[in-house]
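> Coordinates in structure37.cif, mmCIF, C-alpha atoms, are listed below.
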```cif
data_my_file
#
loop_
_atom_site.label_atom_id
_atom_site.label_comp_id
_atom_site.auth_asym_id
_atom_site.auth_seq_id
_atom_site.Cartn_x
_atom_site.Cartn_y
_atom_site.Cartn_z
CA MET A 1 21.58 1.29 -48.92
CA LYS A 2 18.69 -0.64 -47.35
CA LYS A 3 21.06 -1.81 -44.62
CA LEU A 4 21.99 1.81 -43.83
CA LEU A 5 18.33 2.85 -43.74
CA PHE A 6 17.55 -0.06 -41.40
CA GLN A 7 20.43 0.90 -39.09
CA GLY A 8 19.27 4.53 -39.07
CA ALA A 9 15.70 3.49 -38.23
CA ALA A 10 16.95 1.17 -35.47
CA LEU A 11 19.04 3.97 -33.99
CA SER A 12 16.06 6.34 -34.09
CA MET A 13 13.88 3.75 -32.34
CA ALA A 14 16.57 3.22 -29.70
CA VAL A 15 16.82 6.94 -29.01
CA THR A 16 13.03 7.23 -28.78
CA ALA A 17 12.83 4.23 -26.45
CA SER A 18 15.57 5.70 -24.29
CA ALA A 19 13.79 9.05 -24.08
CA LEU A 20 10.55 7.34 -23.08
CA SER A 21 12.10 4.88 -20.63
CA PRO A 22 10.83 5.20 -17.05
CA ARG A 23 12.80 7.10 -14.48
CA PRO A 24 15.24 4.86 -12.64
CA ASN A 25 14.69 3.38 -9.24
CA ILE A 26 17.22 4.78 -6.76
CA VAL A 27 19.03 2.84 -4.06
CA TYR A 28 21.24 4.91 -1.79
CA ILE A 29 23.51 2.84 0.44
CA PHE A 30 25.77 4.53 2.93
CA THR A 31 27.92 3.46 5.82
CA ASP A 32 29.26 5.36 8.81
CA GLN A 33 32.95 6.16 9.37
CA HIS A 34 34.21 4.47 6.20
CA THR A 35 37.44 5.86 4.77
CA ALA A 36 37.91 5.86 0.99
CA ASN A 37 40.79 3.41 0.81
CA ALA A 38 39.14 0.78 3.04
CA LEU A 39 38.10 -1.13 -0.07
CA SER A 40 39.88 -3.91 -1.90
CA CYS A 41 38.93 -2.26 -5.19
CA ALA A 42 41.01 0.74 -4.03
CA GLY A 43 44.07 -1.51 -3.84
CA ASN A 44 43.96 -2.17 -0.10
CA ASP A 45 45.21 -5.73 0.56
CA ASP A 46 44.21 -5.61 4.24
CA VAL A 47 40.48 -5.73 3.54
CA LYS A 48 38.23 -7.74 1.23
CA THR A 49 35.06 -6.05 -0.03
CA PRO A 50 33.77 -8.22 -2.90
CA ASN A 51 30.29 -6.69 -2.92
CA ILE A 52 31.35 -3.05 -3.00
CA ASP A 53 33.97 -4.13 -5.54
CA ARG A 54 31.11 -5.50 -7.63
CA LEU A 55 29.50 -2.05 -7.58
CA THR A 56 32.80 -0.56 -8.71
CA HIS A 57 33.12 -3.11 -11.52
CA ASN A 58 29.61 -2.26 -12.74
CA GLY A 59 29.78 1.44 -11.89
CA ILE A 60 31.89 4.56 -11.56
CA ARG A 61 34.23 5.26 -8.63
CA PHE A 62 35.25 8.78 -7.60
CA ILE A 63 38.64 8.81 -5.87
CA ASN A 64 38.48 12.48 -4.84
CA ALA A 65 35.14 12.55 -3.02
CA TYR A 66 34.96 14.39 0.31
CA CYS A 67 32.41 14.79 3.06
CA SER A 68 30.95 18.17 4.02
CA CYS A 69 31.99 17.69 7.63
CA PRO A 70 33.81 14.77 9.30
CA LEU A 71 31.09 14.19 11.90
CA SER A 72 27.87 12.21 11.53
CA THR A 73 25.00 14.65 12.12
CA PRO A 74 26.47 17.60 10.15
CA SER A 75 27.49 15.38 7.24
CA ARG A 76 24.11 13.67 7.07
CA ALA A 77 22.21 16.95 7.35
CA SER A 78 24.21 18.23 4.39
CA MET A 79 23.36 15.14 2.34
CA PHE A 80 19.64 15.55 2.87
CA THR A 81 19.48 19.34 2.38
CA GLY A 82 22.25 20.08 -0.14
CA VAL A 83 23.50 22.82 2.19
CA THR A 84 26.89 23.01 3.89
CA PRO A 85 26.75 22.40 7.68
CA GLY A 86 28.08 25.86 8.60
CA LYS A 87 25.21 27.53 6.75
CA LEU A 88 22.81 25.17 8.50
CA ASP A 89 24.48 26.16 11.78
CA GLN A 90 24.69 22.44 12.33
CA LEU A 91 28.30 21.47 13.00
CA LYS A 92 27.75 19.24 16.04
CA ASN A 93 26.07 15.95 16.77
CA GLY A 94 22.69 16.21 18.44
CA SER A 95 21.39 19.07 16.28
CA SER A 96 18.25 19.04 14.13
CA ILE A 97 17.72 20.19 10.56
CA PRO A 98 16.60 23.85 10.82
CA SER A 99 12.88 24.43 10.52
CA GLU A 100 13.18 26.43 7.28
CA TYR A 101 14.38 23.28 5.48
CA ARG A 102 11.69 20.98 6.88
CA GLY A 103 9.50 19.66 4.12
CA LYS A 104 12.19 20.48 1.55
CA THR A 105 14.73 17.74 2.23
CA LEU A 106 15.83 15.06 -0.23
CA GLY A 107 13.06 12.60 0.64
CA ASN A 108 10.39 15.30 0.42
CA LEU A 109 11.61 16.46 -2.99
CA ILE A 110 11.81 13.01 -4.55
CA SER A 111 8.52 11.92 -3.01
CA GLU A 112 6.83 14.97 -4.57
CA ALA A 113 8.33 13.90 -7.92
CA GLY A 114 6.30 10.67 -7.73
CA TYR A 115 8.67 8.22 -6.04
CA ASP A 116 7.89 5.85 -3.21
CA CYS A 117 10.54 6.79 -0.63
CA VAL A 118 11.55 4.42 2.17
CA TYR A 119 14.36 4.57 4.72
CA ALA A 120 16.09 1.77 6.61
CA GLY A 121 18.75 2.17 9.30
CA LYS A 122 20.69 4.97 10.92
CA TRP A 123 19.39 8.55 10.64
CA HIS A 124 21.20 10.48 13.41
CA ILE A 125 19.87 13.98 12.57
CA PRO A 126 19.67 13.81 15.55
CA GLU A 127 17.28 10.92 16.24
CA PRO A 128 18.92 7.49 15.88
CA SER A 129 16.03 6.31 13.63
CA ILE A 130 14.24 8.50 11.11
CA PRO A 131 10.83 9.85 12.17
CA ASP A 132 8.05 8.65 9.88
CA SER A 133 6.78 11.01 7.14
CA ILE A 134 8.46 14.28 8.28
CA TYR A 135 11.33 13.95 5.80
CA GLY A 136 9.40 12.31 2.97
CA PHE A 137 10.35 8.73 3.85
CA ARG A 138 8.46 5.83 5.34
CA LYS A 139 10.62 4.06 7.89
CA ILE A 140 11.02 0.34 7.21
CA HIS A 141 13.80 -0.43 9.71
CA ASP A 142 15.20 1.25 12.80
CA HIS A 143 18.82 2.13 13.55
CA ASN A 144 20.14 -1.43 13.76
CA ASP A 145 22.43 -3.16 11.28
CA TYR A 146 20.96 -6.52 12.26
CA GLY A 147 18.07 -7.25 9.92
CA LEU A 148 18.55 -4.05 7.92
CA ALA A 149 19.38 -5.80 4.64
CA GLU A 150 16.51 -8.23 5.17
CA SER A 151 14.05 -5.33 5.66
CA CYS A 152 15.30 -3.74 2.44
CA ASN A 153 14.92 -7.02 0.59
CA LYS A 154 11.39 -7.52 1.87
CA TYR A 155 10.55 -4.12 0.42
CA LEU A 156 12.31 -4.85 -2.89
CA LYS A 157 10.26 -8.05 -3.31
CA GLN A 158 6.98 -6.14 -3.12
CA LYS A 159 5.10 -5.10 -6.24
CA HIS A 160 6.08 -1.54 -7.23
CA THR A 161 3.61 0.58 -9.16
CA LYS A 162 5.93 3.59 -9.34
CA PRO A 163 9.69 4.16 -9.09
CA PHE A 164 11.17 3.83 -5.63
CA PHE A 165 13.89 5.54 -3.62
CA LEU A 166 15.35 3.20 -1.01
CA VAL A 167 17.92 4.38 1.55
CA ALA A 168 19.93 1.72 3.38
CA ALA A 169 21.98 3.46 6.08
CA PHE A 170 24.34 1.14 7.95
CA ASP A 171 26.05 1.94 11.24
CA ASN A 172 29.25 0.01 10.61
CA PRO A 173 32.21 0.32 10.52
CA HIS A 174 31.31 2.88 13.22
CA ASN A 175 31.53 0.13 15.84
CA ILE A 176 35.28 0.83 15.83
CA CYS A 177 34.43 3.59 18.32
CA GLU A 178 33.15 1.04 20.81
CA TYR A 179 36.13 -1.18 20.09
CA ALA A 180 38.56 1.62 20.94
CA ARG A 181 36.69 2.25 24.20
CA GLN A 182 36.80 -1.49 24.99
CA GLN A 183 33.03 -1.72 24.91
CA GLY A 184 30.83 -4.38 23.37
CA LEU A 185 30.15 -3.95 19.67
CA PRO A 186 26.43 -3.25 19.12
CA PHE A 187 26.09 -4.49 15.53
CA ALA A 188 28.95 -6.89 14.85
CA HIS A 189 31.14 -9.60 16.26
CA ILE A 190 34.81 -9.87 15.37
CA GLU A 191 37.49 -12.35 16.41
CA GLU A 192 40.84 -10.95 17.52
CA PRO A 193 43.61 -12.83 15.68
CA ALA A 194 47.24 -13.26 16.62
CA LEU A 195 49.21 -10.05 16.25
CA ALA A 196 51.16 -11.53 13.35
CA ASP A 197 47.88 -11.77 11.42
CA CYS A 198 46.97 -8.10 11.98
CA PRO A 199 47.63 -5.44 9.31
CA ASN A 200 50.86 -3.50 9.42
CA LEU A 201 51.03 0.20 10.24
CA PRO A 202 50.25 2.76 7.53
CA VAL A 203 53.14 4.51 5.82
CA ASN A 204 51.95 7.80 7.34
CA PHE A 205 51.65 6.38 10.86
CA ALA A 206 53.99 9.04 12.26
CA ILE A 207 52.78 12.46 13.30
CA ALA A 208 54.15 14.70 10.58
CA PRO A 209 56.55 17.55 11.27
CA TYR A 210 54.72 20.89 11.31
CA ASP A 211 51.37 19.24 11.94
CA ALA A 212 48.76 21.50 13.54
CA ASP A 213 49.37 21.22 17.28
CA VAL A 214 45.70 21.81 18.12
CA ILE A 215 45.04 18.26 16.93
CA ARG A 216 47.09 16.81 19.81
CA ARG A 217 45.44 19.20 22.27
CA GLU A 218 42.04 17.86 21.18
CA GLN A 219 43.26 14.30 21.52
CA ASP A 220 44.63 14.87 25.01
CA LYS A 221 41.59 16.68 26.42
CA SER A 222 38.97 14.14 25.31
CA TYR A 223 40.11 10.71 26.44
CA LYS A 224 36.62 9.28 25.93
CA SER A 225 36.71 10.10 22.22
CA TYR A 226 40.39 9.38 21.75
CA PRO A 227 41.44 6.58 24.13
CA VAL A 228 44.27 5.72 21.72
CA ALA A 229 46.64 8.48 22.83
CA ARG A 230 48.80 5.92 24.66
CA TYR A 231 48.45 3.15 22.09
CA THR A 232 51.56 1.16 21.22
CA PRO A 233 52.25 0.21 17.60
CA ASP A 234 50.88 -3.26 18.41
CA ASP A 235 47.67 -1.71 19.74
CA TRP A 236 47.28 0.22 16.51
CA ARG A 237 47.70 -2.95 14.46
CA ARG A 238 44.88 -4.58 16.43
CA TYR A 239 42.76 -1.47 15.93
CA ARG A 240 43.34 -1.59 12.18
CA ASN A 241 42.42 -5.27 12.11
CA ALA A 242 39.16 -4.58 13.94
CA TYR A 243 38.33 -1.70 11.61
CA TYR A 244 38.84 -3.72 8.44
CA ARG A 245 36.84 -6.66 9.81
CA LEU A 246 33.96 -4.27 10.49
CA VAL A 247 34.18 -3.03 6.91
CA GLU A 248 34.02 -6.62 5.69
CA ASN A 249 31.03 -7.22 7.92
CA VAL A 250 29.03 -4.38 6.38
CA ASP A 251 30.17 -5.38 2.89
CA THR A 252 28.47 -8.74 3.44
CA GLU A 253 25.22 -6.97 4.38
CA ILE A 254 25.42 -4.73 1.31
CA GLY A 255 25.87 -7.84 -0.80
CA LYS A 256 22.49 -9.15 0.38
CA ILE A 257 20.77 -6.06 -1.06
CA LEU A 258 22.66 -6.23 -4.35
CA ASN A 259 21.81 -9.92 -4.69
CA CYS A 260 18.12 -9.20 -4.11
CA LEU A 261 18.12 -6.44 -6.72
CA ASP A 262 19.57 -8.96 -9.20
CA ALA A 263 17.12 -11.69 -8.23
CA GLN A 264 14.13 -9.36 -8.63
CA GLY A 265 15.30 -8.14 -12.03
CA LEU A 266 15.61 -4.57 -10.73
CA THR A 267 19.32 -3.92 -11.24
CA GLN A 268 19.18 -2.78 -14.86
CA ASN A 269 16.83 0.15 -14.20
CA THR A 270 18.23 1.11 -10.81
CA LEU A 271 20.65 3.89 -9.97
CA ILE A 272 22.78 2.75 -7.01
CA ILE A 273 25.00 5.13 -5.04
CA PHE A 274 27.34 4.00 -2.29
CA THR A 275 29.22 6.38 0.04
CA SER A 276 29.80 7.19 3.73
CA ASP A 277 29.22 10.16 6.01
CA HIS A 278 32.95 10.45 6.89
CA GLY A 279 36.03 8.32 7.39
CA ASP A 280 38.26 7.24 10.27
CA GLY A 281 41.90 7.93 11.05
CA VAL A 282 42.74 4.18 10.98
CA GLY A 283 46.03 4.98 12.72
CA ALA A 284 47.34 7.53 10.21
CA HIS A 285 49.23 10.21 12.19
CA HIS A 286 48.26 8.27 15.37
CA TRP A 287 44.61 9.24 14.88
CA ASN A 288 41.35 7.39 15.40
CA GLN A 289 37.83 8.71 15.03
CA LYS A 290 36.82 11.74 12.96
CA SER A 291 36.64 15.59 13.29
CA VAL A 292 40.20 16.20 12.11
CA LEU A 293 40.77 17.10 8.45
CA TYR A 294 43.26 14.34 7.64
CA GLU A 295 42.71 12.66 4.29
CA GLU A 296 41.69 9.35 5.89
CA VAL A 297 38.90 11.17 7.72
CA VAL A 298 37.48 13.44 5.01
CA ASN A 299 38.09 11.41 1.82
CA ILE A 300 35.23 8.95 1.54
CA PRO A 301 34.13 6.30 -1.01
CA PHE A 302 31.68 7.43 -3.66
CA ILE A 303 30.55 4.85 -6.22
CA VAL A 304 27.70 5.24 -8.70
CA LYS A 305 26.18 2.39 -10.70
CA LEU A 306 24.09 3.82 -13.51
CA PRO A 307 21.08 2.02 -15.00
CA GLU A 308 22.18 -0.59 -17.54
CA ASN A 309 25.69 -0.37 -16.04
CA ARG A 310 26.59 2.52 -18.31
CA ASN A 311 30.28 3.55 -18.24
CA ALA A 312 31.04 0.56 -16.01
CA GLY A 313 34.52 0.42 -14.50
CA LYS A 314 35.26 4.12 -14.94
CA ILE A 315 37.47 5.86 -12.36
CA MET A 316 36.71 9.57 -11.92
CA HIS A 317 39.29 12.06 -10.60
CA GLN A 318 37.04 15.10 -10.20
CA ILE A 319 36.82 16.68 -6.75
CA ILE A 320 33.29 16.39 -5.39
CA ASN A 321 31.46 16.96 -2.10
CA ASN A 322 29.21 14.01 -1.25
CA GLY A 323 27.16 16.21 1.08
CA THR A 324 26.14 19.12 -1.11
CA ASP A 325 26.39 17.28 -4.47
CA LEU A 326 24.19 14.31 -3.57
CA LEU A 327 20.83 16.12 -3.46
CA PRO A 328 21.07 17.88 -6.85
CA THR A 329 22.36 14.68 -8.46
CA LEU A 330 19.47 12.54 -7.23
CA CYS A 331 16.93 15.26 -7.93
CA GLU A 332 18.04 15.49 -11.55
CA PHE A 333 17.90 11.72 -12.03
CA ALA A 334 14.44 11.61 -10.44
CA GLY A 335 13.05 14.62 -12.30
CA ALA A 336 12.63 16.50 -9.04
CA THR A 337 13.19 20.23 -8.56
CA THR A 338 16.49 21.20 -6.93
CA PRO A 339 15.95 24.09 -4.48
CA ASP A 340 17.72 27.38 -5.19
CA TYR A 341 19.45 27.27 -1.81
CA CYS A 342 21.27 24.02 -2.67
CA LEU A 343 25.03 24.68 -2.70
CA GLY A 344 26.12 21.62 -4.66
CA LYS A 345 26.11 20.57 -8.30
CA SER A 346 24.54 17.63 -10.07
CA LEU A 347 26.92 14.91 -11.25
CA LYS A 348 24.42 13.45 -13.74
CA SER A 349 26.01 14.93 -16.85
CA ILE A 350 29.57 13.82 -16.17
CA LEU A 351 28.34 10.37 -15.10
CA GLU A 352 26.28 9.77 -18.23
CA ASN A 353 28.71 11.40 -20.64
CA ASN A 354 31.79 9.73 -19.16
CA SER A 355 33.27 13.22 -18.88
CA ASN A 356 36.60 14.20 -17.33
CA LYS A 357 35.44 17.78 -16.91
CA GLU A 358 35.84 19.21 -13.41
CA VAL A 359 32.61 19.75 -11.50
CA HIS A 360 34.06 22.29 -9.06
CA GLU A 361 36.97 24.69 -9.10
CA PHE A 362 37.37 23.72 -5.45
CA ILE A 363 35.37 22.20 -2.61
CA VAL A 364 35.37 22.97 1.12
CA THR A 365 35.02 20.67 4.12
CA GLU A 366 34.37 22.27 7.52
CA THR A 367 34.83 20.92 11.01
CA LEU A 368 34.04 21.73 14.60
CA PHE A 369 35.62 19.21 16.95
CA ASN A 370 32.88 17.45 18.87
CA GLN A 371 32.61 18.67 22.48
CA SER A 372 35.03 21.50 21.66
CA ASP A 373 35.17 24.97 20.14
CA THR A 374 38.03 24.24 17.69
CA LYS A 375 37.02 24.95 14.09
CA GLY A 376 38.80 24.14 10.86
CA TRP A 377 38.37 24.25 7.09
CA MET A 378 39.80 22.32 4.17
CA VAL A 379 40.02 23.67 0.63
CA ARG A 380 40.60 20.94 -1.96
CA THR A 381 41.63 21.93 -5.48
CA PRO A 382 42.59 19.45 -8.22
CA ASP A 383 46.26 19.41 -7.16
CA TYR A 384 46.45 20.75 -3.61
CA LYS A 385 44.81 20.55 -0.23
CA TYR A 386 44.83 23.52 2.14
CA VAL A 387 43.86 23.17 5.79
CA VAL A 388 43.50 25.88 8.42
CA TYR A 389 42.40 25.62 12.05
CA ASP A 390 41.32 28.60 14.12
CA LYS A 391 44.03 28.30 16.76
CA GLY A 392 47.43 26.87 17.61
CA ASN A 393 50.85 26.54 16.03
CA HIS A 394 51.15 25.44 12.40
CA ARG A 395 47.44 25.93 12.00
CA GLU A 396 47.89 26.36 8.24
CA GLN A 397 48.84 23.37 6.14
CA LEU A 398 49.32 22.88 2.42
CA PHE A 399 49.82 19.50 0.75
CA ASP A 400 50.56 18.45 -2.81
CA MET A 401 47.95 15.77 -3.44
CA ARG A 402 49.78 14.50 -6.51
CA LYS A 403 52.91 13.59 -4.53
CA ASP A 404 51.93 13.47 -0.85
CA ARG A 405 48.51 11.92 -0.33
CA GLY A 406 49.71 10.82 3.11
CA GLU A 407 50.16 14.48 4.17
CA MET A 408 53.65 14.18 5.59
CA GLN A 409 55.16 17.37 4.14
CA ASN A 410 53.52 20.68 5.06
CA LEU A 411 54.38 23.06 2.23
CA ALA A 412 52.88 26.08 4.02
CA ILE A 413 56.21 26.61 5.80
CA GLU A 414 58.12 27.12 2.52
CA SER A 415 58.34 30.56 0.91
CA ARG A 416 58.37 29.09 -2.60
CA TYR A 417 54.78 27.92 -2.09
CA ARG A 418 53.58 31.32 -0.86
CA GLU A 419 51.66 32.12 -4.06
CA ILE A 420 49.81 28.79 -3.98
CA LEU A 421 49.14 29.27 -0.27
CA ASN A 422 47.68 32.71 -0.89
CA GLN A 423 45.53 31.38 -3.73
CA HIS A 424 43.97 28.84 -1.40
CA ARG A 425 43.49 31.42 1.35
CA ALA A 426 41.62 33.53 -1.20
CA LEU A 427 39.44 30.59 -2.24
CA LEU A 428 38.43 29.98 1.36
CA ASN A 429 37.61 33.65 1.87
CA ARG A 430 35.56 33.57 -1.32
CA TRP A 431 33.66 30.51 -0.11
CA HIS A 432 32.85 32.27 3.17
CA ASP A 433 31.59 35.31 1.27
CA GLU A 434 29.47 33.20 -1.12
CA THR A 435 27.93 30.92 1.51
CA GLY A 436 27.60 33.42 4.33
CA VAL A 437 29.24 30.97 6.73
CA PRO A 438 30.85 33.11 9.46
CA LYS A 439 34.61 33.54 9.45
CA ILE A 440 36.80 33.63 12.50
CA PRO A 441 38.10 37.23 12.61
CA LYS A 442 41.54 37.48 11.01
CA ILE A 443 41.67 33.77 10.27
CA THR A 444 43.37 34.62 6.99
CA PRO A 445 45.90 35.76 6.30
CA VAL A 446 47.94 34.42 9.20
CA PRO A 447 51.63 35.32 9.58
CA GLU A 448 53.53 34.66 6.39
CA PRO A 449 56.00 31.73 6.40
CA ASN A 450 59.62 32.69 6.93
#
```
Could I get this structure in the form of structure tokens?

Amino acid sequence: MKKLLFQGAALSMAVTASALSPRPNIVYIFTDQHTANALSCAGNDDVKTPNIDRLTHNGIRFINAYCSCPLSTPSRASMFTGVTPGKLDQLKNGSSIPSEYRGKTLGNLISEAGYDCVYAGKWHIPEPSIPDSIYGFRKIHDHNDYGLAESCNKYLKQKHTKPFFLVAAFDNPHNICEYARQQGLPFAHIEEPALADCPNLPVNFAIAPYDADVIRREQDKSYKSYPVARYTPDDWRRYRNAYYRLVENVDTEIGKILNCLDAQGLTQNTLIIFTSDHGDGVGAHHWNQKSVLYEEVVNIPFIVKLPENRNAGKIMHQIINNGTDLLPTLCEFAGATTPDYCLGKSLKSILENNSNKEVHEFIVTETLFNQSDTKGWMVRTPDYKYVVYDKGNHREQLFDMRKDRGEMQNLAIESRYREILNQHRALLNRWHDETGVPKIPKITPVPEPN
């Protein structure tokens, strides 16, 4: 009986201590143009990412995380406002966060909650480096991968009198853009191996039958963005090698920050989130770069290491939006107020409770091809992915994500999938109505499949 009383008292003390424990430090690490499966922990044998794998081992990995928009500025603006890019009217690079959201962005909110907020690396909304103070952060390093980890570590080694929010925003593997254009790489150096040592082609390398033809029109009219249109299979293998080496390069830099957190005894009470602003085609369907709504481009890594490594090693299947869901998640962890205009949902409950409950009935990713007027939307539900572009043949696509993650079989052309197609059309229309993001007139329904 005494043993039971002692256990009950110990449990009560543990609960009380937990309730009184300080708010966690937050470290937000994100890369640029990093597709979800470009990780060895995702089963990719062509790349080795031991440091990000370490985060996965100690944390929780979402396999169905998507960006708000597959382009840097819109995606990043969504992360720091919690608002979808179409509602921000910010679907292109080079645009600024609208004035009505100034002073209310993620850094402002968490700073007001009592955190010391610092930012290192790429900002790109639209300035390459973040302006000091405007967005609630002190800048500790400019847009430059060289020295970024060292600047973060210098900060981590300082004495902290209150919880901190550190953002480490790396450029790579974005240097693949310069590689494709045969330019010098600004933040990395890679050796080109013999072709036999380059990765093979992806299983969905071919352009799928009934793919949206506007994608090829975009590729043909912007040679600067897509200089791969005449690539041979061997060229694509070299491209894939360069991409994965750039991923490995940034993984090494991330490892420096994780090692410093360990060395300073900060890891246990630190929430760490790793993600990217969007992915890269990596040769799937003969595509490089972003903008298109292929899975390689919109499905991004999203890994969360909770304080004390709670629920370590868990794989989550819920569909989430790393743009709109990031702000409410970090605000709840930090005890900050989430603005009413935020369109996402906090992931804190499912993370801490190890829950398999869906966060969203569906999520939407929008796109406006850079230097173009072509728009598109993706609706992702637990089992299906619906894509529609505003022009061209086969502009509607429907894929079964349980059987066809490589998006090789467009089910929108089959009458037996008409009900599912109409359900996803309705979800997109509902999203437009709820967000106020303008529709293209008569975008749905389009002519029924034969």
> Name the residues in contact with stretch 130-132 of chain A at a cut-off of 12 Å, using all atoms listed in the file, excluding same-chain residues fewer than 6 positions from it; report them as a short mmCIF file (atom, residue, chain, number, x, y, z; two decimals) with C-alpha atoms, keeping the file's coordinate frame.

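The resulting file, part21.cif, is shown below:
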```cif
data_model
loop_
_atom_site.label_atom_id
_atom_site.label_comp_id
_atom_site.auth_asym_id
_atom_site.auth_seq_id
_atom_site.Cartn_x
_atom_site.Cartn_y
_atom_site.Cartn_z
CA ARG A 76 24.11 13.67 7.07
CA SER A 96 18.25 19.04 14.13
CA GLY A 107 13.06 12.60 0.64
CA ASN A 108 10.39 15.30 0.42
CA CYS A 117 10.54 6.79 -0.63
CA VAL A 118 11.55 4.42 2.17
CA TYR A 119 14.36 4.57 4.72
CA ALA A 120 16.09 1.77 6.61
CA GLY A 121 18.75 2.17 9.30
CA LYS A 122 20.69 4.97 10.92
CA TRP A 123 19.39 8.55 10.64
CA HIS A 124 21.20 10.48 13.41
CA ARG A 138 8.46 5.83 5.34
CA LYS A 139 10.62 4.06 7.89
CA ILE A 140 11.02 0.34 7.21
CA HIS A 141 13.80 -0.43 9.71
CA ASP A 142 15.20 1.25 12.80
CA HIS A 143 18.82 2.13 13.55
CA ASN A 144 20.14 -1.43 13.76
CA VAL A 167 17.92 4.38 1.55
CA ALA A 168 19.93 1.72 3.38
CA ALA A 169 21.98 3.46 6.08
#
```
> Any idea what the distance is between atom CA of A:Asp325 and atom CA of A:Pro301?
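Computing the Euclidean distance for atom CA of A:Asp325 and atom CA of A:Pro301 yields 13.9 Å.
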> Given the file shown, enumerate the residues that the PyMOL selection byres ((chain A and resi 79) around 7) captures and present them as a list of chain:residue names.
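Evaluating the PyMOL selection byres ((chain A and resi 79) around 7) on this file yields A:Ser75, A:Arg76, A:Ala77, A:Ser78, A:Phe80, A:Thr81, A:Gly82, A:Asn322, A:Gly323, A:Thr324, A:Leu326, A:Leu327.
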> For A:Ile300, work out the shell of residues within 7 Å, counting only C-alpha atoms and skipping chain neighbours fewer than 6 positions away, then give it as number ranges by chain.
A: 34-36, 65-67, 275-276, 278-279
> For this structure, which residues satisfy the selection - the PyMOL selection byres ((chain A and resi 187-191) around 9) - when it is evaluated on the file as given? I want them as a PyMOL selection string.
chain A and resi 144-146+171-172+175+184-186+192-193+242+245-246+249-250
> What is the atom CA of A:Val27-atom CA of A:Asp89 distance in Å, reported with one decimal?
28.7 Å
> Quick one: everything within 9 Å of A:Phe62, counting only C-alpha atoms, minus sequence neighbours fewer than 3 positions away in the same chain. Send it as an MDAnalysis selection string.
chainID A and resid 65 301:304 314:320
> Write the residues of the selection above to a file with C-alpha atoms, as a PDB file, in the frame of the given file.

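Listed below is the output, again.pdb:
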```
ATOM      1  CA  ALA A  65      35.140  12.550  -3.020  1.00  0.00           C
ATOM      2  CA  PRO A 301      34.130   6.300  -1.010  1.00  0.00           C
ATOM      3  CA  PHE A 302      31.680   7.430  -3.660  1.00  0.00           C
ATOM      4  CA  ILE A 303      30.550   4.850  -6.220  1.00  0.00           C
ATOM      5  CA  VAL A 304      27.700   5.240  -8.700  1.00  0.00           C
ATOM      6  CA  LYS A 314      35.260   4.120 -14.940  1.00  0.00           C
ATOM      7  CA  ILE A 315      37.470   5.860 -12.360  1.00  0.00           C
ATOM      8  CA  MET A 316      36.710   9.570 -11.920  1.00  0.00           C
ATOM      9  CA  HIS A 317      39.290  12.060 -10.600  1.00  0.00           C
ATOM     10  CA  GLN A 318      37.040  15.100 -10.200  1.00  0.00           C
ATOM     11  CA  ILE A 319      36.820  16.680  -6.750  1.00  0.00           C
ATOM     12  CA  ILE A 320      33.290  16.390  -5.390  1.00  0.00           C
TER      13      ILE A 320
END
```
> Which residues would end up in the selection if the PyMOL selection byres ((chain A and resi 373) around 12) were applied here, given that I need the answer as a PDB file with C-alpha atoms, in the coordinates of the input?

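Full text of expr.pdb as output:
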```pdb
ATOM      1  CA  LEU A  91      28.300  21.470  13.000  1.00  0.00           C
ATOM      2  CA  LYS A  92      27.750  19.240  16.040  1.00  0.00           C
ATOM      3  CA  VAL A 214      45.700  21.810  18.120  1.00  0.00           C
ATOM      4  CA  ARG A 217      45.440  19.200  22.270  1.00  0.00           C
ATOM      5  CA  GLU A 218      42.040  17.860  21.180  1.00  0.00           C
ATOM      6  CA  SER A 291      36.640  15.590  13.290  1.00  0.00           C
ATOM      7  CA  THR A 367      34.830  20.920  11.010  1.00  0.00           C
ATOM      8  CA  LEU A 368      34.040  21.730  14.600  1.00  0.00           C
ATOM      9  CA  PHE A 369      35.620  19.210  16.950  1.00  0.00           C
ATOM     10  CA  ASN A 370      32.880  17.450  18.870  1.00  0.00           C
ATOM     11  CA  GLN A 371      32.610  18.670  22.480  1.00  0.00           C
ATOM     12  CA  SER A 372      35.030  21.500  21.660  1.00  0.00           C
ATOM     13  CA  THR A 374      38.030  24.240  17.690  1.00  0.00           C
ATOM     14  CA  LYS A 375      37.020  24.950  14.090  1.00  0.00           C
ATOM     15  CA  GLY A 376      38.800  24.140  10.860  1.00  0.00           C
ATOM     16  CA  TYR A 389      42.400  25.620  12.050  1.00  0.00           C
ATOM     17  CA  ASP A 390      41.320  28.600  14.120  1.00  0.00           C
ATOM     18  CA  LYS A 391      44.030  28.300  16.760  1.00  0.00           C
ATOM     19  CA  ILE A 440      36.800  33.630  12.500  1.00  0.00           C
TER      20      ILE A 440
END
```
> Could you check which of A:Glu150, A:Asp280, A:Asp220, A:Asp262 is closest to A:Val297, using only C-alpha atoms?
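Smallest separation from A:Val297 among the options: A:Asp280.
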> Looking at only C-alpha atoms, which of A:Thr232, A:Gln219, A:Thr252, A:Ser133 is the one that sits closest to A:Asp53?
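Ranked by minimum distance to A:Asp53, first place goes to A:Thr252.
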> Provide the atom CA of A:Val228 to atom CA of A:Glu407 distance in Å, to one decimal place.
20.5 Å
